[in-house]
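Shown next: target-v9.txt, containing compact mmCIF, C-alpha atoms.
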# COMPACT_ATOMS: atom_id res chain seq x y z
CA MET A 15 27.17 -8.24 0.25
CA THR A 16 23.54 -9.37 0.04
CA GLN A 17 21.24 -6.84 -1.54
CA ASN A 18 18.63 -5.42 0.80
CA LEU A 19 15.62 -5.19 -1.54
CA PRO A 20 12.43 -3.45 -0.41
CA TYR A 21 9.22 -5.28 0.50
CA TRP A 22 5.76 -4.74 -0.97
CA LEU A 23 3.36 -3.72 1.82
CA CYS A 24 0.02 -5.27 0.87
CA ASN A 25 -3.09 -6.95 2.17
CA LYS A 26 -3.03 -10.68 2.82
CA GLY A 27 -4.72 -12.41 -0.06
CA THR A 28 -3.54 -9.90 -2.65
CA THR A 29 -3.79 -11.50 -6.07
CA CYS A 30 -0.49 -12.46 -7.56
CA ASP A 31 0.62 -15.23 -9.88
CA SER A 32 4.17 -14.03 -10.35
CA ASP A 33 7.25 -16.19 -10.07
CA ASP A 34 9.17 -13.07 -9.09
CA PHE A 35 8.17 -13.31 -5.44
CA GLU A 36 10.80 -14.95 -3.29
CA ASP A 37 8.25 -17.28 -1.70
CA GLY A 38 6.57 -18.17 -5.03
CA GLN A 39 3.08 -17.66 -3.58
CA SER A 40 -0.14 -17.28 -5.48
CA PHE A 41 -3.29 -15.99 -3.84
CA GLU A 42 -7.00 -16.17 -4.21
CA LEU A 43 -8.65 -12.91 -5.18
CA ILE A 44 -10.50 -11.14 -2.37
CA ARG A 45 -12.87 -8.68 -3.99
CA GLU A 46 -11.98 -5.28 -2.64
CA VAL A 47 -13.96 -2.09 -2.75
CA SER A 48 -13.38 -0.17 -6.01
CA LEU A 49 -13.02 3.59 -5.80
CA ILE A 50 -13.11 6.58 -8.10
CA LYS A 51 -11.14 9.66 -7.08
CA LEU A 52 -13.29 12.75 -7.57
CA LYS A 53 -12.03 16.23 -8.43
CA ASP A 54 -12.91 17.47 -4.93
CA GLY A 55 -10.47 14.96 -3.38
CA ARG A 56 -13.08 12.52 -2.08
CA TYR A 57 -13.26 8.89 -3.15
CA GLN A 58 -16.58 7.46 -4.28
CA ILE A 59 -17.30 3.75 -4.11
CA SER A 60 -17.87 2.52 -7.64
CA GLU A 61 -18.13 -1.17 -6.75
CA PHE A 62 -18.70 -2.40 -3.23
CA GLY A 63 -16.37 -5.05 -1.86
CA THR A 64 -14.23 -5.58 1.23
CA PHE A 65 -12.48 -2.65 2.91
CA ARG A 66 -8.84 -3.60 3.47
CA ASN A 67 -6.00 -1.82 5.29
CA VAL A 68 -4.40 -0.85 1.98
CA LEU A 69 -6.61 0.33 -0.88
CA ASP A 70 -4.65 0.98 -4.03
CA GLY A 71 -5.59 1.84 -7.54
CA PHE A 72 -3.90 3.46 -10.48
CA GLY A 73 -2.51 6.75 -9.25
CA TYR A 74 -3.41 6.42 -5.57
CA SER A 75 -2.57 4.56 -2.38
CA LEU A 76 -4.95 4.76 0.55
CA ILE A 77 -3.91 3.37 3.92
CA GLU A 78 -5.78 2.86 7.16
CA ASN A 79 -4.92 5.62 9.62
CA LYS A 80 -3.13 3.24 12.02
CA ILE A 81 -0.56 2.58 9.30
CA ALA A 82 -0.47 6.28 8.39
CA ASP A 83 0.40 7.18 11.99
CA VAL A 84 3.41 4.83 12.00
CA LEU A 85 4.66 6.12 8.65
CA LYS A 86 4.22 9.73 9.80
CA LYS A 87 6.29 8.96 12.89
CA TYR A 88 9.22 7.30 11.07
CA VAL A 89 9.37 8.49 7.44
CA SER A 90 7.47 11.79 7.41
CA ASP A 91 10.20 13.39 5.27
CA GLN A 92 9.60 10.79 2.51
CA ILE A 93 5.81 10.93 2.32
CA GLU A 94 2.78 13.15 2.17
CA LEU A 95 -0.38 12.06 4.00
CA ASN A 96 -3.81 13.56 3.42
CA PRO A 97 -6.91 12.49 5.36
CA ILE A 98 -9.65 11.54 2.92
CA VAL A 99 -13.34 10.76 2.79
CA ILE A 100 -14.70 7.66 1.08
CA PHE A 101 -18.41 7.74 0.42
CA ARG A 102 -21.14 5.57 -1.00
CA ARG A 103 -23.68 7.74 -2.78
CA ALA A 104 -26.47 5.12 -2.73
CA THR A 105 -26.56 4.94 1.08
CA ASN A 106 -24.92 8.24 2.12
CA GLU A 107 -22.34 6.27 4.11
CA GLU A 108 -18.94 7.86 4.74
CA TRP A 109 -15.62 6.46 5.92
CA THR A 110 -12.91 8.75 7.30
CA ASN A 111 -10.41 6.21 8.65
CA TYR A 112 -8.09 6.35 5.62
CA SER A 113 -5.38 8.68 4.41
CA GLU A 114 -4.02 9.12 0.92
CA LEU A 115 -0.32 8.28 0.85
CA LYS A 116 1.99 9.96 -1.63
CA MET A 117 5.56 8.74 -1.67
CA ARG A 118 8.27 11.18 -2.68
CA ASN A 119 10.64 8.40 -3.77
CA GLN A 120 9.62 6.29 -6.77
CA ILE A 121 11.22 3.14 -8.17
CA GLU A 122 10.79 2.10 -11.77
CA PHE A 123 9.92 -1.61 -11.82
CA LYS A 124 12.85 -2.29 -14.17
CA ASP A 125 15.19 -0.95 -11.46
CA TYR A 126 13.70 -2.90 -8.54
CA TYR A 127 16.48 -5.51 -8.38
CA LYS A 128 19.10 -2.75 -8.42
CA THR A 129 17.49 -0.88 -5.52
CA ASP A 130 19.35 -1.04 -2.26
CA SER A 131 17.17 0.18 0.59
CA ILE A 132 19.26 0.45 3.72
CA GLY A 133 17.71 2.44 6.58
CA LEU A 134 14.14 3.68 6.95
CA LYS A 135 12.85 3.98 3.37
CA ILE A 136 9.52 3.97 1.58
CA TYR A 137 9.03 3.91 -2.18
CA GLY A 138 6.19 3.95 -4.67
CA ILE A 139 6.12 1.62 -7.66
CA LEU A 140 3.60 1.70 -10.54
CA ASN A 141 1.60 4.71 -9.33
CA GLY A 142 0.18 3.06 -6.25
CA LEU A 143 2.11 0.10 -4.84
CA ILE A 144 3.90 0.69 -1.52
CA TYR A 145 7.39 -0.69 -0.96
CA VAL A 146 9.30 -0.37 2.32
CA SER A 147 12.81 -1.15 3.50
CA THR A 148 13.57 -4.06 5.82
CA GLU A 149 14.00 -1.69 8.77
CA LEU A 150 10.68 0.07 8.16
CA LYS A 151 8.98 -3.31 7.70
CA SER A 152 10.28 -4.37 11.15
CA ILE A 153 8.95 -1.18 12.77
CA ILE A 154 5.53 -1.56 11.15
CA GLU A 155 5.30 -5.19 12.30
CA LYS A 156 6.35 -4.24 15.84
CA GLU A 157 4.00 -1.26 16.18
CA LEU A 158 0.97 -2.77 14.42
CA THR A 159 0.75 -6.26 15.92
CA ASP A 160 -3.07 -6.04 15.80
CA LEU A 161 -3.08 -5.64 11.99
CA THR A 162 -2.84 -9.30 11.09
CA ASP A 163 -4.25 -8.92 7.58
CA ILE A 164 -1.28 -7.09 6.08
CA GLU A 165 1.88 -8.76 4.85
CA PHE A 166 5.17 -7.99 3.20
CA LYS A 167 6.42 -9.66 0.04
CA ARG A 168 9.80 -9.23 -1.53
CA GLY A 169 9.63 -9.16 -5.32
CA LEU A 170 7.31 -7.75 -7.98
CA PRO A 171 3.74 -8.57 -8.96
CA LEU A 172 3.37 -10.05 -12.44
CA MET A 173 1.85 -6.82 -13.73
CA ALA A 174 5.16 -5.09 -12.97
CA GLY A 175 7.54 -7.56 -14.52
Could the structure of this file be written out as structure tokens, please?
Amino acid sequence: MTQNLPYWLCNKGTTCDSDDFEDGQSFELIREVSLIKLKDGRYQISEFGTFRNVLDGFGYSLIENKIADVLKKYVSDQIELNPIVIFRRATNEEWTNYSELKMRNQIEFKDYYKTDSIGLKIYGILNGLIYVSTELKSIIEKELTDLTDIEFKRGLPLMAG
């Protein structure tokens, strides 16, 4: 039986120089917006960069609401979604098209290669990375054909291994 390992849901161009990915890819860094989570639940831009469909940092995963809608539809029992506000204090700009994603199921990176993810599953790894089962990956790809700047990688980023 071939093991059905979960896929990392990430933005195309996500930095990685790990040999642990099945395709052995390395990517050029695309400077993404850096955020600070405030006590009131909002996220303040600390360094301006590119807004991507997945914004992750230590302890949080933010996803564009199109992705959130699909996850809510198929794995609502495995996640918690909270609409959030991102703001830039210097210009008073606000963005409300993201939700904070909290995954109820967590995988320790040392257990990744032992994880069998049959069915519709979503996991968190390292306090912010999003991993999905093959079946959920297929649904996301089918329902979000217009989101061409996300991709799925099987394996672990170097920082995890």
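As for CA of Gly73 in chain A and CA of Gly142 in chain A, they are spaced 5.5 Å apart.
Of the residues under consideration (A:Lys53, A:Ser75, A:Lys124, A:Leu19), A:Leu19 shows the shortest atom-to-atom contact distance to Lys167 in chain A when counting all atoms listed in the file.
Considering all atoms listed in the file, the residue among A:Leu52, A:Ile59, A:Ile121, A:Cys24 positioned nearest to Ile77 in chain A is A:Cys24.
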* What is the CA of Tyr137 in chain A-CA of Val47 in chain A distance in Å, reported with one decimal? -> 23.8 Å
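Minimum atom-to-atom distance to Asp160 in chain A, evaluated using only C-alpha atoms, belongs to A:Lys80 out of A:Glu114, A:Ile132, A:Tyr145, A:Lys80.
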* Nearest to Glu61 in chain A by atom-to-atom distance, counting only C-alpha atoms, from A:Val89, A:Tyr21, A:Ala104, A:Pro97 -> A:Ala104
* To do: Go ahead and find all residues with at least one atom no further than 12 Å from (21.6, -6.1, 1.8) in the file's coordinates, using all atoms listed in the file; report them as an MDAnalysis selection string.
  => chainID A and resid 15:20 127:133 147:149
* Which distance in Å separates CA of Val99 in chain A and CA of Leu23 in chain A, to one decimal? -> 22.1 Å
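Take the candidates A:Leu158, A:Leu69, A:Ile136, A:Leu49 and check each one against Asp91 in chain A using only C-alpha atoms; the shortest distance goes to A:Ile136.
Checking A:Asn79, A:Asn111, A:Asn106, A:Asn119 one by one against Ile93 in chain A, counting only C-alpha atoms, you find the shortest gap at A:Asn119.
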* Asked: Near Glu122 in chain A, within 8 Å and counting all atoms listed in the file, which residues show up once chain neighbours fewer than 3 positions away are dropped, as an NGL selection string?
  -> :A and (125-126 or 139-140)
Would you put the residues from that selection into a file with C-alpha atoms, as a compact mmCIF listing (two decimals), keeping the file's coordinate frame?
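Result file follows (part.txt):
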# COMPACT_ATOMS: atom_id res chain seq x y z
CA ASP A 125 15.19 -0.95 -11.46
CA TYR A 126 13.70 -2.90 -8.54
CA ILE A 139 6.12 1.62 -7.66
CA LEU A 140 3.60 1.70 -10.54
